[in-house]
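Below is the file model_4.cif, which contains mmCIF, C-alpha atoms.
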data_my_file
#
loop_
_atom_site.group_PDB
_atom_site.id
_atom_site.type_symbol
_atom_site.label_atom_id
_atom_site.label_comp_id
_atom_site.auth_asym_id
_atom_site.auth_seq_id
_atom_site.Cartn_x
_atom_site.Cartn_y
_atom_site.Cartn_z
ATOM 1 C CA MET A 1 38.337 -22.599 5.738
ATOM 2 C CA PHE A 2 35.333 -20.716 4.441
ATOM 3 C CA TYR A 3 33.084 -21.790 1.562
ATOM 4 C CA VAL A 4 30.496 -19.997 -0.521
ATOM 5 C CA ILE A 5 27.908 -21.994 -2.462
ATOM 6 C CA TYR A 6 26.320 -20.473 -5.539
ATOM 7 C CA THR A 7 23.471 -21.687 -7.739
ATOM 8 C CA PHE A 8 23.140 -20.808 -11.428
ATOM 9 C CA GLU A 9 19.949 -21.175 -13.438
ATOM 10 C CA VAL A 10 21.476 -21.167 -16.916
ATOM 11 C CA LYS A 11 19.612 -19.865 -19.955
ATOM 12 C CA PRO A 12 18.995 -22.386 -22.775
ATOM 13 C CA ASN A 13 22.073 -22.911 -24.970
ATOM 14 C CA MET A 14 24.257 -20.743 -22.692
ATOM 15 C CA GLU A 15 26.027 -23.497 -20.734
ATOM 16 C CA GLU A 16 29.384 -23.057 -22.466
ATOM 17 C CA GLU A 17 29.349 -19.302 -21.832
ATOM 18 C CA LEU A 18 28.738 -19.875 -18.140
ATOM 19 C CA ILE A 19 31.431 -22.535 -17.871
ATOM 20 C CA GLN A 20 34.052 -20.484 -19.741
ATOM 21 C CA SER A 21 33.421 -17.314 -17.753
ATOM 22 C CA TRP A 22 33.282 -19.263 -14.469
ATOM 23 C CA VAL A 23 36.657 -20.917 -15.208
ATOM 24 C CA ALA A 24 38.276 -17.599 -16.129
ATOM 25 C CA MET A 25 36.816 -15.819 -13.089
ATOM 26 C CA THR A 26 37.915 -18.599 -10.728
ATOM 27 C CA GLN A 27 41.464 -18.430 -12.093
ATOM 28 C CA MET A 28 41.470 -14.638 -11.805
ATOM 29 C CA ILE A 29 40.315 -14.829 -8.182
ATOM 30 C CA LYS A 30 42.952 -17.452 -7.348
ATOM 31 C CA HIS A 31 45.755 -15.370 -8.860
ATOM 32 C CA ASN A 32 44.715 -11.943 -7.613
ATOM 33 C CA ALA A 33 42.420 -12.138 -4.591
ATOM 34 C CA ASN A 34 43.640 -15.006 -2.390
ATOM 35 C CA GLY A 35 40.869 -17.391 -3.469
ATOM 36 C CA LYS A 36 41.581 -21.082 -2.939
ATOM 37 C CA GLY A 37 39.636 -22.363 -5.947
ATOM 38 C CA SER A 38 36.164 -23.507 -6.795
ATOM 39 C CA ARG A 39 34.277 -26.515 -8.140
ATOM 40 C CA LEU A 40 31.350 -26.436 -10.541
ATOM 41 C CA HIS A 41 28.655 -29.115 -10.632
ATOM 42 C CA LYS A 42 25.455 -29.760 -12.564
ATOM 43 C CA ASP A 43 22.401 -31.063 -10.704
ATOM 44 C CA GLN A 44 19.705 -33.481 -11.859
ATOM 45 C CA ASN A 45 17.521 -30.573 -13.071
ATOM 46 C CA GLY A 46 20.222 -29.054 -15.277
ATOM 47 C CA ASN A 47 21.113 -26.236 -12.887
ATOM 48 C CA TYR A 48 24.679 -25.513 -11.929
ATOM 49 C CA VAL A 49 26.058 -25.333 -8.397
ATOM 50 C CA ALA A 50 29.512 -24.026 -7.517
ATOM 51 C CA TYR A 51 31.349 -23.827 -4.270
ATOM 52 C CA ALA A 52 34.287 -21.535 -3.745
ATOM 53 C CA ASN A 53 36.952 -22.058 -1.123
ATOM 54 C CA TRP A 54 38.498 -19.186 0.825
ATOM 55 C CA SER A 55 40.818 -18.966 3.816
ATOM 56 C CA SER A 56 38.284 -16.800 5.619
ATOM 57 C CA SER A 57 35.051 -14.876 5.264
ATOM 58 C CA ALA A 58 37.105 -11.687 5.429
ATOM 59 C CA ASP A 59 39.152 -12.721 2.356
ATOM 60 C CA TRP A 60 35.935 -13.384 0.425
ATOM 61 C CA LYS A 61 34.399 -10.061 1.419
ATOM 62 C CA ARG A 62 37.448 -7.993 0.473
ATOM 63 C CA ALA A 63 38.345 -9.746 -2.806
ATOM 64 C CA LYS A 64 36.791 -7.376 -5.358
ATOM 65 C CA PRO A 65 39.327 -4.494 -5.143
ATOM 66 C CA PHE A 66 42.155 -6.968 -5.857
ATOM 67 C CA LEU A 67 40.627 -8.174 -9.142
ATOM 68 C CA PRO A 68 41.743 -6.741 -12.484
ATOM 69 C CA GLN A 69 39.420 -4.421 -14.393
ATOM 70 C CA ASP A 70 38.361 -7.169 -16.838
ATOM 71 C CA SER A 71 36.848 -9.175 -13.979
ATOM 72 C CA GLU A 72 33.697 -7.089 -14.409
ATOM 73 C CA THR A 73 33.437 -8.280 -18.032
ATOM 74 C CA LEU A 74 33.625 -11.909 -16.872
ATOM 75 C CA SER A 75 31.102 -11.263 -14.147
ATOM 76 C CA GLN A 76 28.738 -9.710 -16.695
ATOM 77 C CA GLN A 77 29.191 -12.704 -19.025
ATOM 78 C CA MET A 78 28.199 -15.004 -16.183
ATOM 79 C CA ARG A 79 25.115 -12.898 -15.412
ATOM 80 C CA ASP A 80 24.161 -12.736 -19.106
ATOM 81 C CA SER A 81 24.294 -16.534 -19.412
ATOM 82 C CA CYS A 82 21.913 -17.091 -16.479
ATOM 83 C CA ASN A 83 18.321 -16.391 -15.544
ATOM 84 C CA SER A 84 19.480 -16.213 -11.941
ATOM 85 C CA ILE A 85 22.617 -16.497 -9.830
ATOM 86 C CA GLN A 86 22.253 -16.871 -6.090
ATOM 87 C CA THR A 87 24.660 -17.012 -3.202
ATOM 88 C CA PHE A 88 23.031 -19.970 -1.515
ATOM 89 C CA PHE A 89 25.231 -20.560 1.548
ATOM 90 C CA GLN A 90 28.201 -19.020 3.340
ATOM 91 C CA LEU A 91 29.826 -21.780 5.382
ATOM 92 C CA ASN A 92 32.589 -22.058 7.957
ATOM 93 C CA GLU A 93 34.304 -25.431 7.850
ATOM 94 C CA ILE A 94 33.936 -27.595 10.941
ATOM 95 C CA ALA A 95 35.501 -30.835 9.690
ATOM 96 C CA ASP A 96 36.944 -31.996 6.346
ATOM 97 C CA LEU A 97 37.018 -35.708 5.559
ATOM 98 C CA ILE A 98 37.303 -35.440 1.741
ATOM 99 C CA ASP A 99 40.395 -37.080 0.249
ATOM 100 C CA SER A 100 42.455 -34.642 -1.785
ATOM 101 C CA ASP A 101 43.836 -37.206 -4.273
#
Go through the file and emit its structure as structure tokens.
Amino acid sequence: MFYVIYTFEVKPNMEEELIQSWVAMTQMIKHNANGKGSRLHKDQNGNYVAYANWSSSADWKRAKPFLPQDSETLSQQMRDSCNSIQTFFQLNEIADLIDSD
């Protein structure tokens, strides 16, 4: 598996916009671009961190052409709700000991 970790510095009072657009984008990626899902977290400083799961780095890199046209609107909504969005890490899985239930 391959994971990408993102950080979001959300603008004041824009948390719901980020969350809604992130949920919609994650679902769109899962249904159209072979994404395996994502999790969103909030850290102790109020910033958001997400990690997305992919079968491979290649799937992640070639996802965009498979997304519907309105994915750009969701992507813009995410950018508009944040002061910054960063791709923090690109990780290849070595071992997975997290319970899935």
Spatial neighbours of Tyr6 of chain A, 8 Å, all atoms listed in the file, chain gap at least 6 places, as a PDB file with C-alpha atoms, in the coordinates of the input:
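part.pdb, written as the output of this step:
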ATOM      1  CA  VAL A  49      26.058 -25.333  -8.397  1.00  0.00           C
ATOM      2  CA  ALA A  50      29.512 -24.026  -7.517  1.00  0.00           C
ATOM      3  CA  TYR A  51      31.349 -23.827  -4.270  1.00  0.00           C
ATOM      4  CA  ILE A  85      22.617 -16.497  -9.830  1.00  0.00           C
ATOM      5  CA  GLN A  86      22.253 -16.871  -6.090  1.00  0.00           C
ATOM      6  CA  THR A  87      24.660 -17.012  -3.202  1.00  0.00           C
ATOM      7  CA  PHE A  88      23.031 -19.970  -1.515  1.00  0.00           C
ATOM      8  CA  PHE A  89      25.231 -20.560   1.548  1.00  0.00           C
TER       9      PHE A  89
END
Hits of the PyMOL selection byres ((chain A and resi 40) around 12) in this structure, as a PyMOL selection string: chain A and resi 4-8+15+18-23+26+37-39+41-43+47-53
Exercise: Val10 of chain A partners within 6 Å, only C-alpha atoms, chain neighbours under 3 positions left out, as an MDAnalysis selection string: chainID A and resid 81:83
Output for the residues just chosen: C-alpha atoms as an mmCIF file, in the frame of the given file:
data_model
loop_
_atom_site.group_PDB
_atom_site.id
_atom_site.type_symbol
_atom_site.label_atom_id
_atom_site.label_comp_id
_atom_site.auth_asym_id
_atom_site.auth_seq_id
_atom_site.Cartn_x
_atom_site.Cartn_y
_atom_site.Cartn_z
ATOM 1 C CA SER A 81 24.294 -16.534 -19.412
ATOM 2 C CA CYS A 82 21.913 -17.091 -16.479
ATOM 3 C CA ASN A 83 18.321 -16.391 -15.544
#
Minimum-distance residue to Ser55 of chain A, chosen among A:Asn92, A:Ser100, A:Asn32, A:Gln27 (using all atoms listed in the file): A:Asn92
Spatial neighbours of Glu17 of chain A, max dist 9 Å, all atoms listed in the file, sep filter under 6 positions, as a ChimeraX atom specification: /A:77-78,80-81
Output check: residues returned by the PyMOL selection byres ((chain A and resi 58) around 12), as a ChimeraX atom specification: /A:1-3,33-35,54-57,59-64,90,92
Atom CA of Glu93 of chain A to atom CA of Ser75 of chain A, straight-line distance in Å: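 Going from atom CA of Ser75 of chain A over to atom CA of Glu93 of chain A covers 26.4 Å.
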Coordinates-based distance that separates atom CA of His31 of chain A from atom CA of Asp70 of chain A (Å, one decimal):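 For atom CA of Asp70 of chain A relative to atom CA of His31 of chain A, the distance reads 13.6 Å.
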